[in-house]
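Coordinates from query-v8.txt are shown below (compact mmCIF, C-alpha atoms (C1' of nucleotides)).
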```txt
# COMPACT_ATOMS: atom_id res chain seq x y z
CA MET G 478 25.54 64.24 42.54
CA MET G 479 21.90 63.24 42.72
CA THR G 480 19.35 65.99 43.13
CA GLU G 481 17.54 66.13 46.45
CA THR G 482 14.43 63.98 46.21
CA ALA G 483 12.90 64.39 49.67
CA GLU G 484 13.40 68.07 50.49
CA LEU G 485 11.76 69.56 47.43
CA ALA G 486 8.98 67.69 45.64
CA PRO G 487 10.31 66.50 42.27
CA ASP G 488 7.43 68.45 40.73
CA PRO G 489 6.78 66.12 37.79
CA VAL G 490 6.54 67.99 34.50
CA SER G 491 2.94 68.09 33.30
CA ASP G 492 2.34 66.97 29.74
CA ARG G 493 -1.43 66.64 30.02
CA VAL G 494 -2.09 69.22 27.28
CA LEU G 495 0.16 67.30 24.96
CA ARG G 496 -1.62 64.08 25.80
CA SER G 497 -4.98 65.61 24.92
CA PHE G 498 -3.91 65.52 21.27
CA ALA G 499 -4.75 62.29 19.45
CA GLY G 500 -1.96 62.96 16.95
CA TYR G 501 0.49 62.77 19.82
CA ALA G 502 -0.81 59.35 20.91
CA LEU G 503 -0.61 58.26 17.29
CA LYS G 504 3.01 59.32 16.98
CA ARG G 505 4.04 57.70 20.26
CA ALA G 506 2.37 54.40 19.36
CA SER G 507 3.83 54.46 15.88
CA ASN G 508 7.33 55.12 17.24
CA ALA G 509 7.06 52.27 19.74
CA VAL G 510 5.87 49.84 17.07
CA GLN G 511 8.54 50.89 14.56
CA ALA G 512 11.23 50.52 17.23
CA ASP G 513 10.08 46.99 18.01
CA LEU G 514 9.93 46.19 14.32
CA VAL G 515 13.51 47.39 13.87
CA ARG G 516 14.60 45.08 16.70
CA THR G 517 12.64 42.24 15.07
CA LEU G 518 14.32 42.66 11.68
CA GLU G 519 17.84 43.32 12.95
CA PRO G 520 18.83 39.64 13.42
CA PHE G 521 17.94 39.04 9.78
CA GLY G 522 20.25 41.78 8.59
CA LEU G 523 17.23 43.74 7.34
CA ARG G 524 16.14 47.32 7.85
CA MET G 525 12.46 48.24 7.64
CA ILE G 526 12.86 49.61 4.15
CA THR G 527 14.91 46.67 2.85
CA PHE G 528 12.41 44.21 4.34
CA THR G 529 9.54 45.99 2.66
CA ALA G 530 11.40 46.13 -0.64
CA LEU G 531 12.28 42.44 -0.49
CA LEU G 532 8.70 41.53 0.34
CA LEU G 533 7.40 43.48 -2.65
CA ILE G 534 9.98 41.97 -5.01
CA VAL G 535 9.08 38.47 -3.87
CA GLU G 536 5.40 39.17 -4.42
CA ASN G 537 5.91 40.99 -7.72
CA PRO G 538 8.75 39.36 -9.67
CA ASP G 539 10.43 41.36 -12.44
CA LEU G 540 9.40 44.63 -10.86
CA SER G 541 11.31 47.67 -12.12
CA GLN G 542 13.06 50.06 -9.76
CA THR G 543 10.77 52.92 -10.70
CA GLN G 544 7.71 50.80 -9.93
CA LEU G 545 9.21 49.73 -6.64
CA ALA G 546 10.09 53.30 -5.71
CA GLY G 547 6.48 54.20 -6.43
CA VAL G 548 4.90 51.69 -4.04
CA LEU G 549 7.51 52.36 -1.38
CA ALA G 550 7.02 56.13 -1.71
CA VAL G 551 10.78 56.57 -1.94
CA GLU G 552 12.77 58.64 -4.42
CA ARG G 553 14.27 56.54 -7.21
CA SER G 554 17.68 57.90 -6.33
CA ASN G 555 17.37 56.68 -2.76
CA LEU G 556 16.12 53.30 -3.90
CA VAL G 557 19.48 52.57 -5.52
CA THR G 558 21.17 52.05 -2.14
CA ILE G 559 18.33 49.84 -0.96
CA VAL G 560 18.50 47.60 -4.03
CA ASP G 561 22.32 47.58 -3.81
CA GLU G 562 22.07 46.35 -0.22
CA LEU G 563 19.73 43.49 -1.13
CA GLU G 564 21.75 42.55 -4.20
CA GLN G 565 25.12 42.56 -2.43
CA ALA G 566 23.69 40.27 0.23
CA GLY G 567 22.66 37.89 -2.53
CA TRP G 568 18.94 38.14 -1.82
CA ILE G 569 17.84 39.69 -5.11
CA ALA G 570 19.29 40.12 -8.62
CA ARG G 571 19.03 42.96 -11.12
CA GLY G 572 17.92 41.04 -14.20
CA GLN G 573 17.60 42.65 -17.60
CA SER G 574 14.17 43.50 -18.92
CA PRO G 575 13.46 41.88 -22.29
CA ARG G 576 11.56 44.95 -23.50
CA ASP G 577 13.53 47.92 -22.24
CA ARG G 578 17.29 47.81 -21.86
CA ARG G 579 17.23 50.79 -19.52
CA SER G 580 15.18 49.16 -16.81
CA HIS G 581 16.05 46.39 -14.39
CA ALA G 582 13.82 43.40 -13.69
CA LEU G 583 14.18 42.80 -9.96
CA ARG G 584 13.83 39.21 -8.82
CA ALA G 585 14.49 37.50 -5.51
CA THR G 586 17.04 34.68 -5.36
CA SER G 587 16.10 31.45 -3.59
CA ALA G 588 18.14 32.65 -0.61
CA GLY G 589 16.17 35.86 -0.71
CA GLU G 590 12.89 33.98 -0.78
CA ARG G 591 13.89 31.87 2.19
CA LEU G 592 14.99 34.93 4.14
CA CYS G 593 11.77 36.72 3.26
CA THR G 594 9.65 33.86 4.53
CA ALA G 595 11.55 33.70 7.81
CA ALA G 596 11.52 37.46 8.33
CA ARG G 597 7.84 37.60 7.50
CA ARG G 598 7.08 35.01 10.17
CA ALA G 599 9.03 37.06 12.69
CA VAL G 600 7.14 40.20 11.71
CA GLU G 601 3.84 38.38 12.06
CA ALA G 602 4.89 37.30 15.55
CA HIS G 603 5.85 40.89 16.32
CA GLU G 604 2.41 42.04 15.17
CA ALA G 605 0.66 39.40 17.26
CA ARG G 606 2.73 40.44 20.28
CA LEU G 607 2.02 44.14 19.96
CA PHE G 608 -1.65 44.03 19.05
CA SER G 609 -2.78 41.13 21.21
CA SER G 610 -3.90 43.47 24.00
CA ILE G 611 -6.70 44.89 21.85
CA GLY G 612 -8.02 41.64 20.43
CA ALA G 613 -8.90 40.74 16.85
CA ASP G 614 -11.91 43.09 16.57
CA GLY G 615 -9.97 45.84 18.30
CA LYS G 616 -7.24 45.46 15.73
CA ALA G 617 -9.73 45.48 12.85
CA MET G 618 -11.37 48.62 14.19
CA LEU G 619 -8.00 50.22 14.74
CA VAL G 620 -6.87 49.54 11.18
CA ASN G 621 -10.18 50.85 9.86
CA ALA G 622 -9.96 54.03 11.95
CA LEU G 623 -6.35 54.57 10.89
CA GLY G 624 -7.37 54.31 7.25
CA LEU G 625 -10.04 56.97 7.72
CA VAL G 626 -7.63 59.27 9.53
CA GLU G 627 -4.98 58.79 6.85
CA ASN G 628 -7.48 59.70 4.14
CA ALA G 629 -8.60 62.79 6.04
CA GLY G 630 -4.96 63.85 6.31
CA ASN G 631 -4.17 63.32 2.66
CA LYS G 632 -7.38 64.93 1.40
CA LEU G 633 -6.62 68.50 2.44
CA PRO G 634 -3.64 69.59 0.38
CA VAL G 635 -1.99 72.85 1.37
CA GLY G 636 -4.02 75.97 1.91
CA ALA G 637 -6.73 74.57 4.16
CA ASN G 638 -5.36 76.00 7.40
CA SER G 639 -6.95 78.77 9.41
CA GLY G 640 -5.27 82.13 9.05
CA ALA G 641 -2.41 82.64 11.49
CA ALA G 642 -0.39 85.56 12.80
CA ARG G 643 3.35 85.56 13.22
CA MET F 95 7.95 58.92 -24.03
CA MET F 96 4.95 57.52 -22.23
CA THR F 97 4.88 53.77 -21.66
CA GLU F 98 2.21 51.87 -23.58
CA THR F 99 -0.92 51.70 -21.48
CA ALA F 100 -3.30 49.76 -23.69
CA GLU F 101 -1.15 47.03 -25.19
CA LEU F 102 0.16 45.59 -21.95
CA ALA F 103 -1.89 45.80 -18.76
CA PRO F 104 -0.17 48.24 -16.36
CA ASP F 105 -0.03 45.33 -13.93
CA PRO F 106 -0.47 47.31 -10.73
CA VAL F 107 2.08 46.39 -8.09
CA SER F 108 0.47 44.35 -5.33
CA ASP F 109 1.12 45.54 -1.80
CA ARG F 110 -1.58 43.46 -0.14
CA VAL F 111 0.92 41.60 2.09
CA LEU F 112 2.24 44.92 3.31
CA ARG F 113 -1.26 46.12 3.99
CA SER F 114 -1.99 43.09 6.12
CA PHE F 115 0.35 44.51 8.74
CA ALA F 116 -1.30 46.83 11.26
CA GLY F 117 2.05 48.50 11.94
CA TYR F 118 2.07 49.61 8.32
CA ALA F 119 -1.36 51.23 8.62
CA LEU F 120 -0.17 52.86 11.83
CA LYS F 121 2.88 54.34 10.17
CA ARG F 122 0.95 55.60 7.16
CA ALA F 123 -1.70 57.28 9.33
CA SER F 124 0.94 58.76 11.60
CA ASN F 125 2.87 60.18 8.65
CA ALA F 126 -0.25 61.73 7.17
CA VAL F 127 -1.21 63.34 10.48
CA GLN F 128 2.30 64.62 11.16
CA ALA F 129 2.49 66.10 7.66
CA ASP F 130 -0.78 67.97 8.20
CA LEU F 131 0.44 69.15 11.61
CA VAL F 132 3.62 70.51 10.04
CA ARG F 133 1.50 72.46 7.55
CA THR F 134 -0.67 73.70 10.41
CA LEU F 135 2.28 75.02 12.43
CA GLU F 136 4.26 76.48 9.54
CA PRO F 137 2.40 79.83 9.39
CA PHE F 138 3.25 80.37 13.06
CA GLY F 139 6.96 79.88 12.43
CA LEU F 140 6.87 76.75 14.58
CA ARG F 141 8.14 73.23 13.95
CA MET F 142 6.51 70.30 15.71
CA ILE F 143 9.30 70.08 18.24
CA THR F 144 9.40 73.82 18.95
CA PHE F 145 5.62 73.91 19.35
CA THR F 146 5.73 71.05 21.82
CA ALA F 147 8.59 72.67 23.73
CA LEU F 148 6.80 76.02 23.89
CA LEU F 149 3.61 74.36 25.08
CA LEU F 150 5.45 72.58 27.87
CA ILE F 151 7.28 75.73 28.95
CA VAL F 152 4.03 77.69 29.08
CA GLU F 153 2.41 74.96 31.18
CA ASN F 154 5.46 74.44 33.42
CA PRO F 155 7.16 77.77 34.04
CA ASP F 156 10.80 77.77 35.21
CA LEU F 157 11.41 74.36 33.72
CA SER F 158 15.07 73.42 33.30
CA GLN F 159 16.49 72.27 29.98
CA THR F 160 17.28 68.83 31.35
CA GLN F 161 13.68 68.41 32.54
CA LEU F 162 12.35 69.61 29.21
CA ALA F 163 14.63 67.25 27.29
CA GLY F 164 13.29 64.45 29.48
CA VAL F 165 9.60 64.99 28.65
CA LEU F 166 10.34 65.65 25.02
CA ALA F 167 12.49 62.51 24.78
CA VAL F 168 15.23 64.54 23.13
CA GLU F 169 18.97 64.60 23.89
CA ARG F 170 19.98 67.60 25.98
CA SER F 171 22.52 68.51 23.31
CA ASN F 172 19.84 68.66 20.65
CA LEU F 173 17.52 70.67 22.86
CA VAL F 174 19.97 73.58 22.78
CA THR F 175 19.05 74.43 19.18
CA ILE F 176 15.36 74.17 19.97
CA VAL F 177 15.58 76.52 22.93
CA ASP F 178 17.83 78.85 20.91
CA GLU F 179 15.18 79.01 18.21
CA LEU F 180 12.41 79.91 20.66
CA GLU F 181 14.58 82.42 22.49
CA GLN F 182 15.84 84.19 19.37
CA ALA F 183 12.23 84.61 18.22
CA GLY F 184 11.47 86.28 21.56
CA TRP F 185 8.96 83.66 22.69
CA ILE F 186 10.84 82.37 25.73
CA ALA F 187 13.70 83.52 27.94
CA ARG F 188 16.49 81.62 29.66
CA GLY F 189 16.12 82.92 33.20
CA GLN F 190 18.58 82.09 35.95
CA SER F 191 17.60 79.55 38.55
CA PRO F 192 17.78 80.90 42.12
CA ARG F 193 19.05 77.56 43.45
CA ASP F 194 21.49 76.29 40.85
CA ARG F 195 23.61 78.64 38.80
CA ARG F 196 24.26 75.91 36.24
CA SER F 197 20.67 75.45 35.16
CA HIS F 198 18.35 77.73 33.23
CA ALA F 199 14.78 78.50 34.26
CA LEU F 200 12.80 78.55 31.03
CA ARG F 201 9.84 80.88 30.90
CA ALA F 202 7.59 82.04 28.08
CA THR F 203 7.37 85.75 27.28
CA SER F 204 3.95 87.33 26.84
CA ALA F 205 4.50 87.18 23.07
CA GLY F 206 5.30 83.50 23.49
CA GLU F 207 2.12 82.92 25.47
CA ARG F 208 0.01 84.67 22.86
CA LEU F 209 1.63 82.65 20.08
CA CYS F 210 1.14 79.45 22.02
CA THR F 211 -2.56 80.11 22.50
CA ALA F 212 -3.06 80.86 18.81
CA ALA F 213 -1.03 77.86 17.66
CA ARG F 214 -2.86 75.64 20.09
CA ARG F 215 -6.20 76.68 18.67
CA ALA F 216 -4.94 75.88 15.17
CA VAL F 217 -3.72 72.47 16.32
CA GLU F 218 -7.09 71.76 17.92
CA ALA F 219 -8.77 72.65 14.63
CA HIS F 220 -6.35 70.36 12.83
CA GLU F 221 -7.25 67.55 15.23
CA ALA F 222 -10.97 68.14 14.76
CA ARG F 223 -10.50 68.09 11.00
CA LEU F 224 -8.50 64.86 10.89
CA PHE F 225 -10.43 62.84 13.44
CA SER F 226 -13.97 64.00 12.65
CA SER F 227 -14.56 61.01 10.35
CA ILE F 228 -14.40 58.55 13.27
CA GLY F 229 -16.56 60.49 15.73
CA ALA F 230 -15.96 61.26 19.37
CA ASP F 231 -16.24 57.67 20.60
CA GLY F 232 -14.16 56.44 17.71
CA LYS F 233 -11.46 58.90 18.69
CA ALA F 234 -11.63 57.85 22.34
CA MET F 235 -11.37 54.18 21.39
CA LEU F 236 -8.53 54.95 19.02
CA VAL F 237 -6.54 56.81 21.67
CA ASN F 238 -7.17 54.01 24.14
CA ALA F 239 -6.06 51.32 21.67
CA LEU F 240 -2.97 53.33 20.76
CA GLY F 241 -2.03 53.57 24.41
CA LEU F 242 -2.28 49.80 24.82
CA VAL F 243 -0.21 49.20 21.70
CA GLU F 244 2.42 51.69 22.82
CA ASN F 245 2.71 49.96 26.17
CA ALA F 246 3.03 46.55 24.54
CA GLY F 247 5.83 47.91 22.39
CA ASN F 248 7.72 49.50 25.25
CA LYS F 249 7.30 46.56 27.60
CA LEU F 250 9.54 44.11 25.73
CA PRO F 251 13.02 45.54 25.92
CA VAL F 252 15.64 43.91 23.71
CA GLY F 253 16.08 40.17 23.63
CA ALA F 254 12.43 39.14 23.33
CA ASN F 255 12.60 38.28 19.63
CA SER F 256 12.28 34.83 18.19
CA GLY F 257 15.56 33.27 17.12
CA ALA F 258 16.55 34.17 13.60
CA ALA F 259 19.06 32.92 11.05
CA ARG F 260 21.23 35.10 8.92
C1' DT S 468 33.11 63.14 41.59
C1' DA S 469 28.58 64.32 39.24
C1' DT S 470 25.52 67.37 36.69
C1' DT S 471 24.02 71.50 33.46
C1' DG S 472 24.37 73.46 29.38
C1' DT S 473 27.11 73.53 25.37
C1' DT S 474 29.95 72.41 21.08
C1' DA S 475 31.45 69.36 17.66
C1' DT S 476 30.68 65.39 15.15
C1' DA S 477 28.58 61.48 12.88
C1' DC S 478 25.00 58.70 11.09
C1' DT S 479 20.43 57.90 9.11
C1' DC S 480 16.57 59.54 6.12
C1' DT S 481 14.99 62.19 2.77
C1' DA S 482 14.86 65.55 -1.22
C1' DT S 483 16.91 67.77 -5.53
C1' DA S 484 19.78 68.37 -9.48
C1' DA S 485 22.38 66.55 -13.03
C1' DC S 486 24.45 62.89 -15.75
C1' DT S 487 24.32 58.30 -19.11
C1' DA S 488 22.18 55.20 -21.82
C1' DT S 489 18.50 54.09 -23.76
C1' DA S 490 13.66 54.92 -25.76
C1' DT T 769 12.26 64.90 -26.17
C1' DA T 770 11.36 61.81 -22.28
C1' DT T 771 12.41 57.97 -19.17
C1' DA T 772 15.40 54.39 -16.10
C1' DG T 773 18.95 54.11 -13.30
C1' DT T 774 22.66 56.42 -11.16
C1' DT T 775 25.75 59.81 -8.67
C1' DA T 776 26.56 63.65 -5.82
C1' DT T 777 24.96 66.65 -2.51
C1' DA T 778 22.36 69.02 0.95
C1' DG T 779 18.99 69.25 4.63
C1' DA T 780 16.57 67.54 8.44
C1' DG T 781 16.52 64.52 12.74
C1' DT T 782 18.98 62.04 16.08
C1' DA T 783 22.87 60.03 18.89
C1' DT T 784 27.63 60.23 21.28
C1' DA T 785 31.75 62.27 23.21
C1' DA T 786 34.02 65.87 25.37
C1' DC T 787 34.46 70.42 27.59
C1' DA T 788 33.69 74.59 31.13
C1' DA T 789 31.18 76.08 34.96
C1' DT T 790 29.08 74.71 38.95
C1' DA T 791 27.40 71.47 42.51
```
Show me, as structure tokens, the structure contained in the file I just sent.
Amino acid sequence: MMTETAELAPDPVSDRVLRSFAGYALKRASNAVQADLVRTLEPFGLRMITFTALLLIVENPDLSQTQLAGVLAVERSNLVTIVDELEQAGWIARGQSPRDRRSHALRATSAGERLCTAARRAVEAHEARLFSSIGADGKAMLVNALGLVENAGNKLPVGANSGAAR
Amino acid sequence: MMTETAELAPDPVSDRVLRSFAGYALKRASNAVQADLVRTLEPFGLRMITFTALLLIVENPDLSQTQLAGVLAVERSNLVTIVDELEQAGWIARGQSPRDRRSHALRATSAGERLCTAARRAVEAHEARLFSSIGADGKAMLVNALGLVENAGNKLPVGANSGAAR
DNA sequence: TATTGTTATACTCTATAACTATA
DNA sequence: TATAGTTATAGAGTATAACAATA
């Protein structure tokens, strides 16, 4: 049964304190953008991480898995599944490195290159859609500000917090 | 054994295409800020989600779990663990609602209120630390831009993507 | 019949340890 | 001895279905 809406005021839950935190706005915006990006990539059979991996392989042919894991900030062990996924779909191939028989030389197939181009166009359209409301300079300023914030976050390693009770 | 660094140029992996996407900058900044926030809350015995829940309970006494799940954008089933965690630490109590014997009236204990105040101060310091590099107006503009982007993302529901091959 | 809190379950992401084959 | 790729596994976070008590 529905709850009574007229009798007692619905008393909307206040989240104003939460909204006073910029980190909260950052997380909400990031979530919304990622969600739209997932929807954008879905029709291509790509996840965010497989799209990113494919893009990097196309741009950097004969990349090794360790190198790729490094740029993607993913554990090498977890990269295996990602590369498997792309290889089984026929979009990339694990070639053999001429210098080191342990390492794989990742290279996109022509199907993979075509898919990458198409997906990239869709992602660019997604970006245009989501960031159009703030204009070109707004976007540039936003990206610049985000870079500064990211650096500030990564600068302070572990112990820099104020003392706290429990 | 180390790989040869002089003989062959290390050939740094190019991620410039990736960096041309604003959504990527957004995700990186968000991750960095969330990571620092986790470190900030750890000494208080709080996770991000339990801190947020506690804050909302303090600000909205006698909140029900369904209401809280709504603001937090969390499934009711998953909220159970969160509320358990706060209750077992003695920071909130599941009171009984006078009107509906099914629902709980969540209320912070005095220990919970003290903890919330202290944690909130630490989070405010964390915010000041991370956003100081862009100044007060920069922060205001950032929050404003993020709100616009979030709205743009949430506006377009499901089918609004450009057609895509597979 | 619908809703609140709850349990159980599953699926994705991520992190760690250990193995193999090469170096 | 160290590194590349791999497997197995475990932990978070999140989503769905079903149940008992109550409305």
Can you work out which residues from chain T touch chain F at a cut-off of 10 Å (counting all atoms listed in the file) and hand them back as a ChimeraX atom specification? /T:769-771,781-784,789-791
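In this structure, atom C1' of S:DT489 sits 23.9 Å away from atom CA of G:Ile534.
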Contacts from chain S to chain G, 8 Å maximum, all atoms listed in the file: show me the residue list as a PyMOL selection string. chain S and resi 468-470+482+488-490
Set the cut-off to 7 Å and count all atoms listed in the file: what are the residues of chain F that reach chain G? Output as JSON, numbers by chain. {"F": [107, 108, 109, 116, 117, 119, 120, 121, 122, 123, 124, 126, 127, 130, 134, 137, 138, 139, 150, 154, 216, 224, 225, 227, 228, 236, 237, 239, 240, 241, 242, 243, 244, 246, 247, 248, 255, 256, 258, 259, 260]}
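Between atom CA of G:Asp539 and atom CA of G:Arg584 lies a distance of 5.4 Å.
Here atom CA of G:Thr527 is placed at a distance of 7.0 Å from atom CA of G:Leu563.
Taking all atoms listed in the file into account, the residues near (33.4, 73.1, 28.7), no farther than 10 Å, are DG472, DT473 and DT474 of chain S; DA786, DC787, DA788 and DA789 of chain T.
The environment of S:DA485 within 12 Å, counting only C-alpha atoms (C1' of nucleotides) and disregarding residues fewer than 2 places along the same chain, consists of Ser554 of chain G; DT483 and DT487 of chain S; DT774, DT775, DA776 and DT777 of chain T.
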Would you write out those residues with C-alpha atoms (C1' of nucleotides), as a JSON list (two decimals), keeping the file's coordinate frame?
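Saved to out-v5.json:
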```json
[["chain", "number", "residue", "atom", "x", "y", "z"],
["G", 554, "SER", "CA", 17.68, 57.90, -6.33],
["S", 483, "DT", "C1'", 16.91, 67.77, -5.53],
["S", 487, "DT", "C1'", 24.32, 58.30, -19.11],
["T", 774, "DT", "C1'", 22.66, 56.42, -11.16],
["T", 775, "DT", "C1'", 25.75, 59.81, -8.67],
["T", 776, "DA", "C1'", 26.56, 63.65, -5.82],
["T", 777, "DT", "C1'", 24.96, 66.65, -2.51]]
```
For stretch 475-488 of chain S, take all atoms listed in the file, fit an axis-aligned box around them, add 6 Å to each of the six sides, then output centre and edge lengths in Å rounded to one decimal, as lines of an AutoDock Vina configuration file.
```
center_x = 23.2
center_y = 62.3
center_z = -2.1
size_x = 28.6
size_y = 26.2
size_z = 51.5
```
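Minimum distance to F:Arg141 across F:Ile186, F:Ala163, F:Ile176, F:Ala230 (counting all atoms listed in the file) occurs at F:Ile176.
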For S:DT481, which residue out of G:Ala550, G:Ala530, G:Gln542, G:Val535 is the nearest one, using all atoms listed in the file? G:Ala550
